[in-house]
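Report on the following structure.
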Amino acid sequence: MKLIKTKDGEEMSAKAFHVIKDIVKSNPYAVLGLATGTTPLGLYRCIIEDYKENGTSYQHIRTVNLDEYQGLPKSHPQSYAYFMRENLFRYLDIEESNTYIENGTAQNEAEECARYNKLLSEMPRDIQLLGLGRNGHIAFNEPFTPFGSKTHVVDLTENTIKDNARLFDDISEVPRKAFTMGIKQIMHAKQILILASGVNKADAVYKTVCGEVTEEVPASVLQLHPNCILIADSEAASKL
Ligand code: F6R
């Protein structure tokens, strides 16, 4: 794993942006695996600014997202589909039909997981962007998720529900379940870019980089990926 330490979250986002831009420039048909959450917001702002200033085109780019809350329709302001539209896609020339995410309202969980697994196998990702949970989760793969897992529905842990409650009016509104890409599929991306910012990620960063490779810390599996970059700001990297 290649580690890049930055002074703050802004520099983390700028460095991550250069990684993504290089891919988009060298392959206008690239497939980008994307993430939601607070961590990639600065990166998404850099992408939007660059699009406005330099016209970098996303017309043929396809994107595939990590996860989606179960039960929320695409139009729900807390759904990850809505998040992606509002924080990135609506500002770019990307085709909505080229942006993929699990269907949170799918009635049949098994069918939806199978559909997403098929899609992922047909669309090899040039890069997969990841944030890092405080407990080392990646996507919604919580501790002890098997490394061999594919798309599945998870019961979110109390800590993750609490962390995500800040985005809802009340913690009771946070969905208890989500669809998530599995760890095996995350590892299938040609390149992985994981970002971490803030002191509350310091433990997870330490375990991801220096700890044992164990299902107890899902992100530790990234040590086994041949082309993984972790960009961490000084607070997130403070225990290294
Ligand atoms: C988001 C996702 C999650 C987040 C993680 C960190 O699509 O899959 O694993 O990346 O929970 O969240 P933030 O960035 O909000 O700290």
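Identifiers for the structure tokens are assigned positionally: chains receive A, B, ... in sequence, residues are indexed from 1 per chain, and ligands are indexed from 1 in the order shown.
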>> Could you list, as a VMD selection string, every residue within 8 Å of Ser234 in chain A, counting only C-alpha atoms and ignoring same-chain residues fewer than 5 positions away?
In response: chain A and resid 5 to 8 197 to 198
Those same residues - all heavy atoms - I'd like them written as a compact mmCIF listing (two decimals), in the first residue's frame.
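Below is the file result-v2.txt, written as the result:
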```
# COMPACT_ATOMS: atom_id res chain seq x y z
N LYS A 5 0.84 11.20 3.09
CA LYS A 5 0.36 12.00 4.22
C LYS A 5 0.22 13.45 3.76
O LYS A 5 1.12 13.97 3.10
CB LYS A 5 1.36 11.95 5.38
CG LYS A 5 1.44 10.60 6.05
CD LYS A 5 2.34 10.71 7.28
CE LYS A 5 2.88 9.35 7.66
NZ LYS A 5 3.88 9.38 8.70
N THR A 6 -0.87 14.08 4.15
CA THR A 6 -1.06 15.48 3.76
C THR A 6 -1.26 16.31 5.03
O THR A 6 -1.59 15.77 6.08
CB THR A 6 -2.29 15.65 2.85
OG1 THR A 6 -3.47 15.31 3.60
CG2 THR A 6 -2.18 14.77 1.62
N LYS A 7 -1.11 17.63 4.87
CA LYS A 7 -1.23 18.45 6.09
C LYS A 7 -2.68 18.55 6.56
O LYS A 7 -2.96 18.56 7.74
CB LYS A 7 -0.57 19.82 5.92
CG LYS A 7 -1.18 20.78 4.95
CD LYS A 7 -0.41 22.12 5.05
CE LYS A 7 -1.06 23.23 4.23
NZ LYS A 7 -1.27 22.91 2.79
N ASP A 8 -3.62 18.56 5.62
CA ASP A 8 -5.03 18.67 6.03
C ASP A 8 -5.95 18.02 4.99
O ASP A 8 -5.49 17.48 3.98
CB ASP A 8 -5.41 20.14 6.25
CG ASP A 8 -5.09 21.00 5.03
OD1 ASP A 8 -4.98 20.45 3.92
OD2 ASP A 8 -4.94 22.23 5.19
N SER A 197 -9.54 11.39 6.83
CA SER A 197 -9.29 12.74 7.34
C SER A 197 -9.84 12.83 8.77
O SER A 197 -10.93 12.34 9.05
CB SER A 197 -10.01 13.73 6.42
OG SER A 197 -10.03 15.01 6.99
N GLY A 198 -9.07 13.45 9.63
CA GLY A 198 -9.55 13.73 10.99
C GLY A 198 -9.07 12.71 12.00
O GLY A 198 -8.82 11.55 11.69
```
> Skipping near chain neighbours, those fewer than 3 positions away, what residues fall within 6 Å of range 203-208 of chain A using only C-alpha atoms, listed as a list in words?
Replying inline: Arg134, Gly136, Gly211, Ala219, Ser220, Lys239 and Leu240 of chain A
>> Any residue with an atom at most 10 Å from ligand 1 counts, using only C-alpha atoms and all ligand atoms. Which are they? Put them as an MDAnalysis selection string.
In response: chainID A and resid 34:41 65:69 80 83:84 129:142 160:161 163:164 166:167 180:181 194:198 200:201 219
>> What's around Arg62 in chain A at 8 Å? Count only C-alpha atoms, leave out sequence neighbours fewer than 5 positions away in its own chain, and write the answer as a PyMOL selection string.
In response: chain A and resi 29-32+94+98-100
Save out the residues we just selected, N, CA and C atoms, as a PDB file, in the first residue's frame.
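Wrote it out as selection_34.pdb, contents follow:
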```
ATOM      1  N   TYR A  29     -13.313   6.678 -21.276  1.00  0.00           N
ATOM      2  CA  TYR A  29     -14.346   5.655 -21.079  1.00  0.00           C
ATOM      3  C   TYR A  29     -14.139   4.901 -19.762  1.00  0.00           C
ATOM      4  N   ALA A  30     -13.387   5.487 -18.868  1.00  0.00           N
ATOM      5  CA  ALA A  30     -13.048   4.782 -17.625  1.00  0.00           C
ATOM      6  C   ALA A  30     -14.290   4.516 -16.771  1.00  0.00           C
ATOM      7  N   VAL A  31     -14.167   3.495 -15.924  1.00  0.00           N
ATOM      8  CA  VAL A  31     -15.218   3.185 -14.944  1.00  0.00           C
ATOM      9  C   VAL A  31     -14.677   3.565 -13.560  1.00  0.00           C
ATOM     10  N   LEU A  32     -15.397   4.460 -12.896  1.00  0.00           N
ATOM     11  CA  LEU A  32     -14.976   4.930 -11.568  1.00  0.00           C
ATOM     12  C   LEU A  32     -15.885   4.341 -10.500  1.00  0.00           C
ATOM     13  N   ILE A  94     -21.917  14.173 -17.209  1.00  0.00           N
ATOM     14  CA  ILE A  94     -22.081  12.718 -17.155  1.00  0.00           C
ATOM     15  C   ILE A  94     -23.542  12.349 -17.449  1.00  0.00           C
ATOM     16  N   ASN A  98     -25.381   6.401 -17.057  1.00  0.00           N
ATOM     17  CA  ASN A  98     -24.057   5.794 -16.870  1.00  0.00           C
ATOM     18  C   ASN A  98     -23.638   5.763 -15.404  1.00  0.00           C
ATOM     19  N   THR A  99     -24.556   6.144 -14.528  1.00  0.00           N
ATOM     20  CA  THR A  99     -24.228   6.154 -13.089  1.00  0.00           C
ATOM     21  C   THR A  99     -25.037   5.053 -12.403  1.00  0.00           C
ATOM     22  N   TYR A 100     -24.335   4.128 -11.789  1.00  0.00           N
ATOM     23  CA  TYR A 100     -24.990   2.933 -11.230  1.00  0.00           C
ATOM     24  C   TYR A 100     -24.875   2.914  -9.705  1.00  0.00           C
TER      25      TYR A 100
END
```
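Across A:Ile4, A:Cys113, A:Val19, A:Ile47, the tightest approach to Asp93 in chain A is made by A:Ile47 when counting only C-alpha atoms.
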>> Could you check the closest approach to Pro218 in chain A for each of A:Thr145, A:His60, A:Glu109, A:Glu102 and tell me which residue wins, using only C-alpha atoms?
In response: A:Thr145
> So which residues of range 30-145 of chain A fall under strand (DSSP E or B) by DSSP, listed as a ChimeraX atom specification?
Replying inline: /A:31-34,62-65,67-69,99-100,127-130,138,141
> Do you know which residues are at most 10 Å from Glu11 in chain A counting only C-alpha atoms, after dropping those on the same chain fewer than 2 positions away, and could you put them as a ChimeraX atom specification?
Replying inline: /A:5-9,13-17,42-43,231-233
Residues from last step as file, C-alpha atoms, as a compact mmCIF listing (two decimals), in the first residue's frame:
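Output (again-v7.txt):
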```
# COMPACT_ATOMS: atom_id res chain seq x y z
CA LYS A 5 0.36 12.00 4.22
CA THR A 6 -1.06 15.48 3.76
CA LYS A 7 -1.23 18.45 6.09
CA ASP A 8 -5.03 18.67 6.03
CA GLY A 9 -8.22 17.50 4.39
CA SER A 13 -8.73 16.12 -1.61
CA ALA A 14 -6.41 17.91 -4.03
CA LYS A 15 -4.06 14.91 -4.21
CA ALA A 16 -6.99 12.51 -4.65
CA PHE A 17 -8.33 14.71 -7.43
CA GLY A 42 -13.65 17.92 -1.06
CA LEU A 43 -12.55 15.67 -3.92
CA ILE A 231 -4.15 9.43 1.38
CA ALA A 232 -4.45 10.48 5.02
CA ASP A 233 -4.24 13.95 6.52
```
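Between CA of Leu72 in chain A and CA of Asn103 in chain A lies a distance of 8.6 Å.
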>> Residues near Gln107 in chain A, anyone? I mean within 10 Å using only C-alpha atoms, not counting same-chain ones fewer than 4 positions away, as a PyMOL selection string.
In response: chain A and resi 70-71+103+111-112
>> I'd like the neighbourhood of Ala189 in chain A as a count of residues only, where a residue qualifies if any of its atoms comes within 7 Å (using only C-alpha atoms), though same-chain residues fewer than 6 positions away should be ignored.
In response: 5
> Interatomic distance between CA of Phe144 in chain A and CA of Ala237 in chain A?
Replying inline: 23.8 Å
> Can you tell me how far CA of Pro175 in chain A sits from CA of Asn159 in chain A, in Å to one decimal?
Replying inline: 13.0 Å
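The closest residue to Pro143 in chain A, picked from A:Glu216, A:Asn227, A:Thr157, A:Phe89 and counting only C-alpha atoms, is A:Glu216.
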> Which residues in range 40-237 of chain A does DSSP call helix (DSSP H, G or I)? List them as a ChimeraX atom specification.
Replying inline: /A:41-54,80-87,89-91,96-98,109-122,158-167,171-173,183-188,199-210,218-224
> In terms of the shortest atom-to-atom distance over only C-alpha atoms, which of A:Ser149, A:Gln191, A:Thr214, A:Ser97 is closest to Gly33 in chain A?
Replying inline: A:Gln191
